[in-house]
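K.L.:
One structure, as structure tokens, below. Some questions next.
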Amino acid sequence: MKNKKILLAARPRGAVEESHFRLVEAEIPRADDGEFVVRNHFLSLDPYMRGRMDESKSYAASAVVGEVMVGTAVGEVIESNHPKFKAGDFVETRTGWQLYGKSNGGGARKIDPNYVPLSAYLGAVGMPGVTAWIGLNEHGKPKAGETVVVSAASGAVGGTAGQLAKLKGCRAVGVAGGRAKCDYVVNELGFDACVDYKAGNLDANLKAACPKGIDVYFDNVGGPVLNAVLGHMNAFSRIALCGQISGYDDPDALAVKNFRAFLVNRINLRGFICSDHLELWKPALTELGQLLHDGKIKYRESIAEGLENAPAAFIGLLKGKNFGKQLVKLI
Ligand SMILES: NC(=O)c1ccc[n+]([C@@H]2O[C@H](COP(=O)([O-])OP(=O)(O)OC[C@H]3O[C@@H](n4cnc5c(N)ncnc54)[C@H](OP(=O)(O)O)[C@@H]3O)[C@@H](O)[C@H]2O)c1
């Protein structure tokens, strides 16, 4: 048996293409002292990977051309010379886009697939869930009765953020692309309303969905959606700026005209990165795990089959072709 890896082959200028990746075969790694080897079951595909493909200055180091594409996966330990991990343990590791990875335990966590499904540790009970929890609680700070708008509402982060807002007694309003996603956000995730930003009349539809204005905006997309939302923010409202996916390929698409709203309504905007708040991961993951285990939050997944299909699935994620957390099933 061989390992398979996907390398970053070239840095994109604009949209990502399959030619920016290269699939290679290699020997399955062996564990040296203080290391373990994991066979990955699911690979997580996340929008942040688009930023890592660039060389520009950011909050995290760029992926290296010619090396395994960065990423997080969940799987089973098959060999260990590490005191804290043994064969048979299930783990989340940052071993990247490959079938088998080697870890010294840094950034790895043991997970229990009997508590919540294995793949959920890459979604609602993983980094995207923690991001939703931190953005909403630390920066949005919603109070019961307030209106919370969440963009990319059917996705891994947005779906969780809106459900957490509902659990706090807020009116949760999603923004998503297309009827099917909006129906899911309302009927399955329990948001009060969802605006289809692709259907036109964004301004009027936001106004109708938020009759008392917007107190908190959990922004996953930036650009035209942020611009429209700004026109409906209440005095002393908050924006948790989590992502700007509408401009990852083209920063010019992020231009916002309604900037005066910040002054007129004394809006507090806070950009945040989930890794800024490592002390909050444990309480966030404990609460999210319990909520999922108890059926109080739901999620949906888009699952590509096989490592070789990861590049196409990633390109689809950046274009909104995913419907829920984007994963690649490796076994
Ligand atoms: N700050 C942090 O620490 C942190 C951590 C994790 C994620 N994030 C950010 O959070 C956001 C959501 O991440 P996720 O993992 O949950 O992904 P996701 O929502 O599951 O998938 C991305 C979604 O973005 C939407 N989208 C794509 N292009 C768009 C455009 N031009 N305009 C509006 N929406 C667009 C699509 O949904 P529609 O079909 O509805 O358009 C797509 O399904 C991303 O911006 C990501 O970078 C930030």
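Within each chain, counting starts at residue 1; across the structure tokens, chains are named A, B, ... in the order shown, with ligands numbered 1 upward in that order.
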Could you list, as a ChimeraX atom specification, all the residues within 7 Å of ligand 1, counting only C-alpha atoms and all ligand atoms?
P.N.:
/A:46-48,127-128,131,152-158,175-178,181,220-221,225,242-247,272-275,317-326
K.L.:
I need the alpha helix (DSSP H) residues of segment 134-307 of chain A per DSSP on the backbone, written as number ranges by chain.
P.N.:
A: 134, 156-167, 179-187, 202-209, 223-230, 260-264, 281-293
K.L.:
Store the residues picked out above in a file with C-alpha atoms, as an mmCIF file, in the first residue's frame.
P.N.:
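Okay, this is what ended up in selection.cif:
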```cif
data_model
loop_
_atom_site.group_PDB
_atom_site.id
_atom_site.type_symbol
_atom_site.label_atom_id
_atom_site.label_comp_id
_atom_site.auth_asym_id
_atom_site.auth_seq_id
_atom_site.Cartn_x
_atom_site.Cartn_y
_atom_site.Cartn_z
ATOM 1 C CA ILE A 134 -16.334 32.950 19.280
ATOM 2 C CA ALA A 156 -20.302 25.182 8.357
ATOM 3 C CA VAL A 157 -19.700 28.446 10.242
ATOM 4 C CA GLY A 158 -22.891 30.318 9.339
ATOM 5 C CA GLY A 159 -25.270 27.441 10.066
ATOM 6 C CA THR A 160 -23.821 27.030 13.533
ATOM 7 C CA ALA A 161 -23.722 30.780 14.264
ATOM 8 C CA GLY A 162 -27.409 31.206 13.428
ATOM 9 C CA GLN A 163 -28.485 28.216 15.520
ATOM 10 C CA LEU A 164 -26.470 29.513 18.495
ATOM 11 C CA ALA A 165 -28.209 32.890 18.076
ATOM 12 C CA LYS A 166 -31.607 31.157 18.129
ATOM 13 C CA LEU A 167 -30.645 29.314 21.313
ATOM 14 C CA ARG A 179 -33.889 28.861 -2.835
ATOM 15 C CA ALA A 180 -32.768 25.378 -1.761
ATOM 16 C CA LYS A 181 -30.171 26.728 0.681
ATOM 17 C CA CYS A 182 -32.609 29.312 2.082
ATOM 18 C CA ASP A 183 -35.336 26.677 2.576
ATOM 19 C CA TYR A 184 -32.853 24.472 4.426
ATOM 20 C CA VAL A 185 -31.710 27.359 6.642
ATOM 21 C CA VAL A 186 -35.301 28.065 7.739
ATOM 22 C CA ASN A 187 -36.902 24.619 7.701
ATOM 23 C CA LEU A 202 -31.430 42.337 -1.506
ATOM 24 C CA ASP A 203 -32.091 45.635 0.210
ATOM 25 C CA ALA A 204 -35.894 45.278 0.261
ATOM 26 C CA ASN A 205 -35.725 41.615 1.251
ATOM 27 C CA LEU A 206 -33.358 42.360 4.141
ATOM 28 C CA LYS A 207 -35.691 45.100 5.326
ATOM 29 C CA ALA A 208 -38.680 42.733 5.232
ATOM 30 C CA ALA A 209 -36.776 39.989 7.072
ATOM 31 C CA GLY A 223 -18.706 42.727 -0.537
ATOM 32 C CA PRO A 224 -22.218 43.501 -1.808
ATOM 33 C CA VAL A 225 -23.965 41.587 1.002
ATOM 34 C CA LEU A 226 -22.069 43.537 3.670
ATOM 35 C CA ASN A 227 -22.838 46.749 1.821
ATOM 36 C CA ALA A 228 -26.582 45.989 1.825
ATOM 37 C CA VAL A 229 -26.612 44.878 5.476
ATOM 38 C CA LEU A 230 -24.908 48.119 6.546
ATOM 39 C CA ARG A 260 -21.154 56.262 6.510
ATOM 40 C CA ALA A 261 -23.383 53.784 8.382
ATOM 41 C CA PHE A 262 -20.470 53.147 10.764
ATOM 42 C CA LEU A 263 -20.518 56.742 11.933
ATOM 43 C CA VAL A 264 -24.238 57.385 11.881
ATOM 44 C CA TRP A 281 -11.613 26.536 22.309
ATOM 45 C CA LYS A 282 -12.167 24.171 25.218
ATOM 46 C CA PRO A 283 -15.390 25.772 26.527
ATOM 47 C CA ALA A 284 -16.632 26.264 22.955
ATOM 48 C CA LEU A 285 -15.950 22.652 21.923
ATOM 49 C CA THR A 286 -17.499 21.310 25.142
ATOM 50 C CA GLU A 287 -20.702 23.291 24.588
ATOM 51 C CA LEU A 288 -20.890 22.530 20.862
ATOM 52 C CA GLY A 289 -20.267 18.809 21.441
ATOM 53 C CA GLN A 290 -23.039 18.690 24.052
ATOM 54 C CA LEU A 291 -25.480 20.608 21.824
ATOM 55 C CA LEU A 292 -24.805 18.304 18.867
ATOM 56 C CA HIS A 293 -24.946 15.177 21.011
#
```
K.L.:
Neighbours of Lys143 of chain A within 9 Å (only C-alpha atoms; same-chain residues fewer than 5 positions away dropped), as a list of chain:residue names?
P.N.:
A:Ala165, A:Lys168, A:Gly169, A:Cys170
K.L.:
Could you dump the residues just selected with N, CA and C atoms as a PDB file, in the first residue's frame?
P.N.:
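Final file, selection_37.pdb:
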```pdb
ATOM      1  N   ALA A 165     -27.446  31.661  17.836  1.00  0.00           N
ATOM      2  CA  ALA A 165     -28.209  32.890  18.076  1.00  0.00           C
ATOM      3  C   ALA A 165     -29.649  32.561  18.457  1.00  0.00           C
ATOM      4  N   LYS A 168     -30.040  31.585  21.946  1.00  0.00           N
ATOM      5  CA  LYS A 168     -29.953  32.728  22.863  1.00  0.00           C
ATOM      6  C   LYS A 168     -31.226  33.566  22.844  1.00  0.00           C
ATOM      7  N   GLY A 169     -32.228  33.139  22.093  1.00  0.00           N
ATOM      8  CA  GLY A 169     -33.491  33.872  22.071  1.00  0.00           C
ATOM      9  C   GLY A 169     -33.515  35.030  21.101  1.00  0.00           C
ATOM     10  N   CYS A 170     -32.624  35.000  20.098  1.00  0.00           N
ATOM     11  CA  CYS A 170     -32.581  36.075  19.099  1.00  0.00           C
ATOM     12  C   CYS A 170     -33.450  35.721  17.892  1.00  0.00           C
TER      13      CYS A 170
END
```
K.L.:
Determine the nearest neighbour of Gly106 of chain A from the options A:Gly34, A:Gly66, A:Ala61, A:Trp133, counting only C-alpha atoms.
P.N.:
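Answer, going by the shortest atom-to-atom distance: A:Gly34.
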K.L.:
Write out as a VMD selection string each polymer residue whose atoms come within 8 Å of Met69 of chain A, counting only C-alpha atoms; drop sequence neighbours fewer than 5 positions from it.
P.N.:
chain A and resid 6 to 8 63 to 64 96 to 97
K.L.:
So, with only C-alpha atoms as the atoms that count, which of A:Phe85, A:Phe90, A:Tyr197, A:Tyr115 lies closest to Arg39 of chain A?
P.N.:
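Looking at the shortest contact to Arg39 of chain A, the residue is A:Phe90.
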K.L.:
Excluding same-chain residues fewer than 6 positions from Asp276 of chain A, what lies within 12 Å of it counting only C-alpha atoms, as a JSON list (two decimals) with N, CA, C and O atoms, in the first residue's frame?
P.N.:
```
[["chain", "number", "residue", "atom", "x", "y", "z"],
["A", 59, "TYR", "N", -2.42, 36.36, 8.38],
["A", 59, "TYR", "CA", -2.31, 35.97, 9.80],
["A", 59, "TYR", "C", -1.63, 34.61, 9.95],
["A", 59, "TYR", "O", -1.29, 34.22, 11.06],
["A", 60, "ALA", "N", -1.45, 33.87, 8.86],
["A", 60, "ALA", "CA", -0.80, 32.55, 8.95],
["A", 60, "ALA", "C", 0.16, 32.40, 7.78],
["A", 60, "ALA", "O", 0.00, 33.03, 6.73],
["A", 130, "VAL", "N", -16.24, 26.38, 16.42],
["A", 130, "VAL", "CA", -15.57, 27.28, 17.38],
["A", 130, "VAL", "C", -15.57, 28.71, 16.83],
["A", 130, "VAL", "O", -15.77, 29.68, 17.57],
["A", 131, "THR", "N", -15.36, 28.84, 15.53],
["A", 131, "THR", "CA", -15.38, 30.18, 14.91],
["A", 131, "THR", "C", -16.74, 30.84, 15.09],
["A", 131, "THR", "O", -16.83, 32.02, 15.45],
["A", 134, "ILE", "N", -17.15, 31.79, 18.87],
["A", 134, "ILE", "CA", -16.33, 32.95, 19.28],
["A", 134, "ILE", "C", -16.87, 34.23, 18.64],
["A", 134, "ILE", "O", -17.04, 35.25, 19.31],
["A", 135, "GLY", "N", -17.15, 34.18, 17.35],
["A", 135, "GLY", "CA", -17.63, 35.38, 16.66],
["A", 135, "GLY", "C", -18.92, 35.89, 17.26],
["A", 135, "GLY", "O", -19.11, 37.10, 17.47],
["A", 138, "GLU", "N", -18.23, 36.44, 21.59],
["A", 138, "GLU", "CA", -17.21, 37.43, 21.99],
["A", 138, "GLU", "C", -17.37, 38.76, 21.28],
["A", 138, "GLU", "O", -17.06, 39.80, 21.85]]
```
K.L.:
Quick one: of A:Val216, A:Ala26, A:Met49, A:Ile267, who's nearest to Asn137 of chain A, counting only C-alpha atoms?
P.N.:
A:Val216
K.L.:
Mind checking which residues fall within 12 Å of Lys86 of chain A, counting only C-alpha atoms, ignoring those fewer than 2 positions away in the same chain, and posting them as a list in words?
P.N.:
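Counting only the stated atoms, we get Ala31, Gly34, Glu35, Phe36, Val37, Val38, Glu76, Val77, Ile78, Glu79, Ser80, Asn81, His82, Pro83, Lys84, Gly88, Asp89, Phe90, Val91, Gly105 and Lys110 of chain A.
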K.L.:
So which one's closest to Lys102 of chain A, A:Gly145, A:Pro211, A:Pro29, A:Gly306? Using only C-alpha atoms, please.
P.N.:
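For Lys102 of chain A, the nearest of the candidates is A:Pro29.
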K.L.:
At what distance in Å, to one decimal, does atom CA of Pro251 of chain A lie from atom CA of Ala15 of chain A?
P.N.:
11.8 Å
K.L.:
What residues in segment 25-238 of chain A get the DSSP label strand (DSSP E)? Please answer as a PyMOL selection string.
P.N.:
chain A and resi 25-26+36-44+73-80+90-93+100-103+109-111+147-151+171-176+193-196+214-219+233-238
K.L.:
Would you mind listing what lies within 8 Å of Val328 of chain A as JSON, numbers by chain, with only C-alpha atoms counted and same-chain residues fewer than 5 positions away left out?
P.N.:
{"A": [42, 43, 44, 45, 303, 304, 305, 306, 307, 309, 310, 313]}
K.L.:
Generate a file of the selected residues that holds N, CA, C and O atoms, formatted as a CSV table (one decimal), in the first residue's frame.
P.N.:
```csv
chain,number,residue,atom,x,y,z
A,42,PHE,N,-11.4,11.4,7.0
A,42,PHE,CA,-12.0,12.6,6.3
A,42,PHE,C,-11.0,13.8,6.3
A,42,PHE,O,-10.4,14.0,7.3
A,43,LEU,N,-11.0,14.4,5.2
A,43,LEU,CA,-10.2,15.7,5.0
A,43,LEU,C,-11.2,16.8,5.0
A,43,LEU,O,-12.2,16.8,4.3
A,44,SER,N,-10.8,17.9,5.7
A,44,SER,CA,-11.7,19.1,5.8
A,44,SER,C,-11.2,20.1,4.6
A,44,SER,O,-10.0,20.3,4.5
A,45,LEU,N,-12.1,20.6,3.9
A,45,LEU,CA,-11.8,21.7,2.9
A,45,LEU,C,-12.4,23.0,3.5
A,45,LEU,O,-13.6,23.0,3.8
A,303,ILE,N,-20.0,15.8,0.7
A,303,ILE,CA,-18.8,14.9,0.8
A,303,ILE,C,-18.4,14.5,-0.6
A,303,ILE,O,-19.1,13.8,-1.3
A,304,ALA,N,-17.1,14.9,-0.9
A,304,ALA,CA,-16.5,14.4,-2.1
A,304,ALA,C,-15.8,13.0,-1.8
A,304,ALA,O,-15.4,12.8,-0.7
A,305,GLU,N,-15.8,12.1,-2.8
A,305,GLU,CA,-15.2,10.8,-2.5
A,305,GLU,C,-13.8,10.7,-3.1
A,305,GLU,O,-13.7,10.9,-4.3
A,306,GLY,N,-12.9,10.4,-2.3
A,306,GLY,CA,-11.5,10.1,-2.8
A,306,GLY,C,-10.6,11.4,-2.8
A,306,GLY,O,-11.1,12.5,-3.3
A,307,LEU,N,-9.4,11.2,-2.4
A,307,LEU,CA,-8.4,12.4,-2.3
A,307,LEU,C,-8.3,13.0,-3.7
A,307,LEU,O,-8.2,14.3,-3.8
A,309,ASN,N,-10.3,13.8,-5.8
A,309,ASN,CA,-11.4,14.8,-6.1
A,309,ASN,C,-11.4,16.0,-5.2
A,309,ASN,O,-12.3,16.8,-5.2
A,310,ALA,N,-10.3,16.1,-4.3
A,310,ALA,CA,-10.3,17.2,-3.4
A,310,ALA,C,-10.1,18.6,-4.1
A,310,ALA,O,-10.8,19.5,-3.8
A,313,ALA,N,-13.5,19.7,-5.5
A,313,ALA,CA,-14.4,20.0,-4.4
A,313,ALA,C,-14.0,21.4,-3.8
A,313,ALA,O,-14.9,22.2,-3.4
```
K.L.:
Looking at only C-alpha atoms, which of A:Tyr248, A:Cys210, A:Asn268, A:Leu122 is the one that sits closest to Ala235 of chain A?
P.N.:
A:Asn268
K.L.:
What separation in Å, quoted to one decimal, exists between atom CA of Arg30 of chain A and atom CA of Asp112 of chain A?
P.N.:
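Atom-to-atom, atom CA of Arg30 of chain A to atom CA of Asp112 of chain A, that is 24.1 Å.
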